[in-house]
file coords_6.cif (mmCIF, C-alpha atoms)
data_work
#
loop_
_atom_site.group_PDB
_atom_site.id
_atom_site.type_symbol
_atom_site.label_atom_id
_atom_site.label_comp_id
_atom_site.auth_asym_id
_atom_site.auth_seq_id
_atom_site.Cartn_x
_atom_site.Cartn_y
_atom_site.Cartn_z
ATOM 1 C CA MET E 26 0.000 0.000 0.000
ATOM 2 C CA LEU E 27 1.374 3.420 -0.938
ATOM 3 C CA LYS E 28 1.812 5.992 1.827
ATOM 4 C CA SER E 29 -0.451 9.042 2.023
ATOM 5 C CA HIS E 30 2.238 11.544 3.059
ATOM 6 C CA TYR E 31 5.894 12.089 3.921
ATOM 7 C CA TYR E 32 5.694 15.337 5.933
ATOM 8 C CA GLU E 33 3.540 15.140 9.049
ATOM 9 C CA GLY E 34 0.828 17.789 9.260
ATOM 10 C CA LEU E 35 1.838 19.814 6.170
ATOM 11 C CA VAL E 36 -0.014 20.403 2.903
ATOM 12 C CA GLU E 37 2.203 18.311 0.658
ATOM 13 C CA ALA E 38 2.473 18.259 -3.147
ATOM 14 C CA GLY E 39 3.849 15.202 -4.946
ATOM 15 C CA CYS E 40 5.710 15.797 -8.239
ATOM 16 C CA ASP E 41 6.808 13.609 -11.121
ATOM 17 C CA GLU E 42 7.721 14.030 -14.794
ATOM 18 C CA ALA E 43 7.286 12.107 -18.034
ATOM 19 C CA GLY E 44 9.236 12.126 -21.262
ATOM 20 C CA ARG E 45 12.767 12.632 -20.013
ATOM 21 C CA GLY E 46 14.297 9.937 -22.209
ATOM 22 C CA CYS E 47 12.403 10.855 -25.387
ATOM 23 C CA LEU E 48 14.026 12.035 -28.602
ATOM 24 C CA ALA E 49 11.080 14.281 -29.461
ATOM 25 C CA GLY E 50 8.448 16.409 -27.788
ATOM 26 C CA ALA E 51 8.146 18.368 -24.571
ATOM 27 C CA VAL E 52 8.819 17.057 -21.091
ATOM 28 C CA TYR E 53 5.682 17.103 -18.914
ATOM 29 C CA ALA E 54 5.441 17.227 -15.132
ATOM 30 C CA ALA E 55 2.542 17.214 -12.698
ATOM 31 C CA ALA E 56 2.047 18.319 -9.112
ATOM 32 C CA VAL E 57 -0.768 16.846 -7.013
ATOM 33 C CA ILE E 58 -2.060 17.637 -3.527
ATOM 34 C CA LEU E 59 -4.275 14.839 -2.178
ATOM 35 C CA PRO E 60 -6.500 15.061 0.897
ATOM 36 C CA PRO E 61 -4.878 14.069 4.233
ATOM 37 C CA ASP E 62 -5.029 10.291 4.828
ATOM 38 C CA TYR E 63 -6.262 9.753 1.261
ATOM 39 C CA GLN E 64 -6.333 6.105 0.206
ATOM 40 C CA ASN E 65 -6.687 4.516 -3.207
ATOM 41 C CA GLU E 66 -5.287 1.027 -3.627
ATOM 42 C CA LEU E 67 -5.379 1.294 -7.437
ATOM 43 C CA LEU E 68 -2.910 4.182 -7.507
ATOM 44 C CA ASN E 69 0.594 3.104 -8.486
ATOM 45 C CA ASP E 70 3.629 4.125 -10.510
ATOM 46 C CA SER E 71 2.210 4.863 -13.991
ATOM 47 C CA LYS E 72 4.710 2.425 -15.565
ATOM 48 C CA GLN E 73 3.045 -0.435 -13.647
ATOM 49 C CA LEU E 74 -0.401 0.361 -15.066
ATOM 50 C CA SER E 75 -2.059 -0.292 -18.406
ATOM 51 C CA GLU E 76 -2.977 2.654 -20.619
ATOM 52 C CA ARG E 77 -6.662 2.132 -19.800
ATOM 53 C CA GLN E 78 -5.953 2.098 -16.045
ATOM 54 C CA ARG E 79 -3.906 5.297 -16.316
ATOM 55 C CA TYR E 80 -6.726 7.205 -17.999
ATOM 56 C CA GLN E 81 -9.317 5.881 -15.541
ATOM 57 C CA LEU E 82 -7.105 6.910 -12.633
ATOM 58 C CA ARG E 83 -6.479 10.340 -14.164
ATOM 59 C CA ASP E 84 -10.214 11.066 -13.882
ATOM 60 C CA ILE E 85 -10.241 9.821 -10.277
ATOM 61 C CA VAL E 86 -7.158 11.866 -9.304
ATOM 62 C CA GLU E 87 -8.570 15.036 -10.869
ATOM 63 C CA ARG E 88 -11.848 14.499 -9.029
ATOM 64 C CA ASP E 89 -10.323 13.632 -5.639
ATOM 65 C CA ALA E 90 -7.269 15.923 -5.474
ATOM 66 C CA ILE E 91 -7.354 19.111 -3.434
ATOM 67 C CA SER E 92 -5.363 20.640 -6.290
ATOM 68 C CA TRP E 93 -3.448 19.442 -9.349
ATOM 69 C CA ALA E 94 -1.576 21.066 -12.222
ATOM 70 C CA VAL E 95 0.623 20.159 -15.191
ATOM 71 C CA GLY E 96 3.840 21.937 -16.259
ATOM 72 C CA ILE E 97 5.479 21.737 -19.687
ATOM 73 C CA VAL E 98 8.942 22.512 -21.081
ATOM 74 C CA GLY E 99 9.275 22.326 -24.872
ATOM 75 C CA PRO E 100 12.042 20.777 -26.983
ATOM 76 C CA GLU E 101 13.805 24.082 -27.760
ATOM 77 C CA GLU E 102 14.048 24.909 -24.063
ATOM 78 C CA ILE E 103 15.272 21.363 -23.356
ATOM 79 C CA ASP E 104 18.086 21.865 -25.893
ATOM 80 C CA LYS E 105 19.056 25.170 -24.259
ATOM 81 C CA ILE E 106 19.062 24.166 -20.595
ATOM 82 C CA ASN E 107 19.453 20.321 -20.770
ATOM 83 C CA ILE E 108 16.895 17.692 -19.814
ATOM 84 C CA LEU E 109 17.634 17.567 -16.079
ATOM 85 C CA ASN E 110 17.074 21.320 -15.685
ATOM 86 C CA ALA E 111 14.055 21.107 -18.006
ATOM 87 C CA SER E 112 12.487 18.320 -15.917
ATOM 88 C CA ILE E 113 12.909 20.346 -12.731
ATOM 89 C CA LEU E 114 11.584 23.497 -14.455
ATOM 90 C CA ALA E 115 8.500 21.553 -15.620
ATOM 91 C CA MET E 116 7.898 20.471 -12.000
ATOM 92 C CA HIS E 117 8.294 24.067 -10.798
ATOM 93 C CA ARG E 118 5.788 25.174 -13.447
ATOM 94 C CA ALA E 119 3.356 22.499 -12.284
ATOM 95 C CA LEU E 120 3.757 23.731 -8.687
ATOM 96 C CA ASP E 121 3.171 27.312 -9.911
ATOM 97 C CA GLY E 122 -0.136 26.138 -11.385
ATOM 98 C CA LEU E 123 -1.583 24.725 -8.148
ATOM 99 C CA GLN E 124 -4.651 26.594 -6.863
ATOM 100 C CA VAL E 125 -3.779 25.585 -3.286
ATOM 101 C CA ARG E 126 -0.304 26.515 -2.067
ATOM 102 C CA PRO E 127 1.669 23.536 -0.748
ATOM 103 C CA GLU E 128 3.751 23.723 2.417
ATOM 104 C CA ALA E 129 6.161 20.958 1.343
ATOM 105 C CA VAL E 130 7.103 19.062 -1.825
ATOM 106 C CA ILE E 131 8.026 15.414 -2.430
ATOM 107 C CA VAL E 132 9.607 14.519 -5.753
ATOM 108 C CA ASP E 133 10.219 11.278 -7.613
ATOM 109 C CA GLY E 134 13.925 10.675 -8.286
ATOM 110 C CA ASN E 135 17.066 12.077 -6.718
ATOM 111 C CA ARG E 136 17.426 15.588 -8.168
ATOM 112 C CA PHE E 137 15.436 18.749 -7.542
ATOM 113 C CA LYS E 138 16.063 22.458 -7.026
ATOM 114 C CA LYS E 139 14.583 24.418 -4.149
ATOM 115 C CA TYR E 140 11.099 25.714 -4.883
ATOM 116 C CA GLY E 141 10.706 29.027 -3.050
ATOM 117 C CA GLN E 142 11.200 28.493 0.659
ATOM 118 C CA LEU E 143 9.395 25.155 0.809
ATOM 119 C CA PRO E 144 11.043 22.079 2.296
ATOM 120 C CA HIS E 145 11.411 19.311 -0.283
ATOM 121 C CA THR E 146 12.488 15.676 -0.310
ATOM 122 C CA THR E 147 13.537 13.595 -3.310
ATOM 123 C CA ILE E 148 12.496 9.937 -3.171
ATOM 124 C CA VAL E 149 13.985 7.351 -5.526
ATOM 125 C CA LYS E 150 11.135 5.256 -6.991
ATOM 126 C CA GLY E 151 8.794 7.598 -5.116
ATOM 127 C CA ASP E 152 6.021 6.911 -7.650
ATOM 128 C CA GLY E 153 5.800 3.405 -6.184
ATOM 129 C CA LYS E 154 5.912 4.608 -2.562
ATOM 130 C CA TYR E 155 3.740 7.728 -2.153
ATOM 131 C CA LEU E 156 0.216 8.287 -3.449
ATOM 132 C CA SER E 157 0.677 11.921 -4.484
ATOM 133 C CA ILE E 158 3.794 11.111 -6.538
ATOM 134 C CA ALA E 159 2.013 8.146 -8.149
ATOM 135 C CA ALA E 160 -0.912 10.467 -8.969
ATOM 136 C CA ALA E 161 1.498 13.025 -10.464
ATOM 137 C CA SER E 162 3.172 10.295 -12.546
ATOM 138 C CA ILE E 163 -0.221 9.320 -13.998
ATOM 139 C CA LEU E 164 -1.159 12.897 -14.899
ATOM 140 C CA ALA E 165 2.247 13.685 -16.420
ATOM 141 C CA LYS E 166 2.250 10.479 -18.468
ATOM 142 C CA THR E 167 -1.322 10.701 -19.780
ATOM 143 C CA TYR E 168 -1.170 14.405 -20.674
ATOM 144 C CA ARG E 169 2.136 13.857 -22.444
ATOM 145 C CA ASP E 170 0.688 10.853 -24.308
ATOM 146 C CA ASP E 171 -2.256 13.010 -25.455
ATOM 147 C CA TYR E 172 0.213 15.614 -26.736
ATOM 148 C CA MET E 173 2.374 13.043 -28.584
ATOM 149 C CA ASN E 174 -0.727 11.449 -30.156
ATOM 150 C CA LYS E 175 -1.658 14.893 -31.504
ATOM 151 C CA LEU E 176 1.861 15.425 -32.900
ATOM 152 C CA ALA E 177 1.652 11.954 -34.485
ATOM 153 C CA GLU E 178 -1.222 13.163 -36.661
ATOM 154 C CA GLU E 179 1.053 15.917 -37.981
ATOM 155 C CA TYR E 180 4.068 13.598 -38.470
ATOM 156 C CA PRO E 181 2.743 10.034 -38.875
ATOM 157 C CA GLN E 182 6.014 8.601 -40.223
ATOM 158 C CA TYR E 183 7.744 8.643 -36.799
ATOM 159 C CA ASP E 184 5.271 6.225 -35.139
ATOM 160 C CA TRP E 185 4.781 8.578 -32.181
ATOM 161 C CA GLN E 186 1.341 7.139 -31.510
ATOM 162 C CA GLN E 187 3.145 3.950 -30.480
ATOM 163 C CA ASN E 188 6.531 5.101 -29.179
ATOM 164 C CA LYS E 189 5.507 8.532 -27.756
ATOM 165 C CA GLY E 190 8.864 9.929 -28.869
ATOM 166 C CA TYR E 191 11.041 7.328 -27.144
ATOM 167 C CA PRO E 192 14.089 5.963 -29.031
ATOM 168 C CA THR E 193 12.642 2.839 -30.644
ATOM 169 C CA ARG E 194 14.273 1.325 -33.700
ATOM 170 C CA LYS E 195 11.342 2.454 -35.867
ATOM 171 C CA HIS E 196 11.619 6.029 -34.585
ATOM 172 C CA ARG E 197 15.369 6.165 -35.279
ATOM 173 C CA GLU E 198 14.924 4.653 -38.738
ATOM 174 C CA ALA E 199 12.324 7.320 -39.548
ATOM 175 C CA ILE E 200 14.756 10.063 -38.437
ATOM 176 C CA ARG E 201 17.391 8.518 -40.689
ATOM 177 C CA GLN E 202 14.958 8.398 -43.602
ATOM 178 C CA TYR E 203 13.000 11.660 -43.202
ATOM 179 C CA GLY E 204 15.278 13.841 -41.064
ATOM 180 C CA THR E 205 14.112 15.703 -37.982
ATOM 181 C CA THR E 206 11.016 17.730 -37.161
ATOM 182 C CA PRO E 207 10.728 20.958 -35.143
ATOM 183 C CA TYR E 208 9.753 18.719 -32.213
ATOM 184 C CA HIS E 209 12.981 16.696 -32.102
ATOM 185 C CA ARG E 210 15.490 17.441 -29.342
ATOM 186 C CA MET E 211 18.557 18.421 -31.319
ATOM 187 C CA SER E 212 20.910 18.089 -28.341
ATOM 188 C CA TYR E 213 20.098 14.371 -28.151
ATOM 189 C CA ASN E 214 21.896 11.505 -29.861
ATOM 190 C CA LEU E 215 18.988 11.055 -32.274
ATOM 191 C CA LEU E 216 20.410 8.256 -34.380
ATOM 192 C CA GLY E 217 22.125 6.427 -31.548
ATOM 193 C CA THR E 218 25.429 6.767 -33.418
ATOM 194 C CA GLY E 219 27.000 9.822 -31.852
ATOM 195 C CA GLU E 220 25.558 12.176 -34.483
ATOM 196 C CA LEU E 221 23.661 14.844 -32.587
ATOM 197 C CA SER E 222 21.591 16.641 -35.186
ATOM 198 C CA LEU E 223 20.290 16.360 -38.711
ATOM 199 C CA ASP E 224 18.919 18.937 -41.077
ATOM 200 C CA PHE E 225 15.161 19.045 -41.159
ATOM 201 C CA LYS E 226 13.731 17.745 -44.413
ATOM 202 C CA GLU E 227 10.323 19.016 -45.454
#
call {"tool": "encode", "arguments": {"input": "coords_6.cif", "output": "C-alpha cells"}}
result
Amino acid sequence: MLKSHYYEGLVEAGCDEAGRGCLAGAVYAAAVILPPDYQNELLNDSKQLSERQRYQLRDIVERDAISWAVGIVGPEEIDKINILNASILAMHRALDGLQVRPEAVIVDGNRFKKYGQLPHTTIVKGDGKYLSIAAASILAKTYRDDYMNKLAEEYPQYDWQQNKGYPTRKHREAIRQYGTTPYHRMSYNLLGTGELSLDFKE
C-alpha cells in the first residue's frame, strides 16, 4: 500500500515528470495535492499500469485531489538548458499552477532544485511509494501521451502514436529516412550513433 504523506501535518504536493528519455516532444510534469489520509489502492507508478488504467485513474485523481496542475517545457528549451534542468523546471511550473499553495514538496527521483522556501524531499522510486507522486506520474504520463498522439497526426512517419517519442528502432529509422522535425530534441543523440543533429527535411 502506498503511503499518504511524507511530511507530518503539512499540505504536501507530490511531483513527477514524463518524457525525459524521449528524442522528441516536450517534457511534462505534474504536481498533485491529495486530501490528508487519502487512500486509493489502485494508484501506483504509472509504468506499472495499463494505458486504460492510467486514464481511468487520471479522472479519479482530478476528481479527488485538493489541487493538481501540469507543467510543460518544450524541446527548444530542453536543448538550451538540458533535460535535467528542463524536468525540474517543468515540476516548478506544475507547482506554480496549483490553486492551493503547498507547504512541502516530495519529488520522484534524486534531483530537484529548491522551490521558493518550501522544504522538499527527493524519493527514488517515489512513484511506487507515495500516493501523491504516483498520482502526479499518472497525470504527467497521460497528458504527455495526449500531446504526442496529436503530434503523431502531424508527423505520422515517426510512429509517435506507439513510441511517444522514445528511441525505438522504428523512430530512429524514420529520423534517418526523413530527417528531424521541429519537435525533435537536437541536443540528443537522435540516431544512436554519436551524431547529434540532422537537417530538417520538409
call {"tool": "closest_residue", "arguments": {"input": "coords_6.cif", "among": "E:Gly34, E:Gly39, E:Gly99, E:Pro61", "to": "E:Ile148", "atoms": "all atoms listed in the file"}}
result
E:Gly39
call {"tool": "atom_distance", "arguments": {"input": "coords_6.cif", "atom1": "atom CA of E:Leu48", "atom2": "atom CA of E:Trp93"}}
result
27.0 Å
call {"tool": "resolve_selection", "arguments": {"input": "coords_6.cif", "expression": "the PyMOL selection byres ((chain E and resi 146) around 10)", "output": "PyMOL selection string"}}
result
chain E and resi 31-32+39+129-137+139+144-145+147-149
call {"tool": "residues_around", "arguments": {"input": "coords_6.cif", "residues": "E:Val95", "least_positions_apart": "5", "cutoff": "6 Å", "atoms": "all atoms listed in the file", "output": "list in words"}}
result
Ala54, Ala55 and Ala119 of chain E
call {"tool": "residues_near_point", "arguments": {"input": "coords_6.cif", "point": "(14.6, 7.6, -31.0)", "cutoff": "7 Å", "atoms": "all atoms listed in the file", "output": "list in words"}}
result
Cys47, Leu48, Gly190, Tyr191, Pro192, Thr193, Arg194, His196, Arg197, Leu215 and Leu216 of chain E
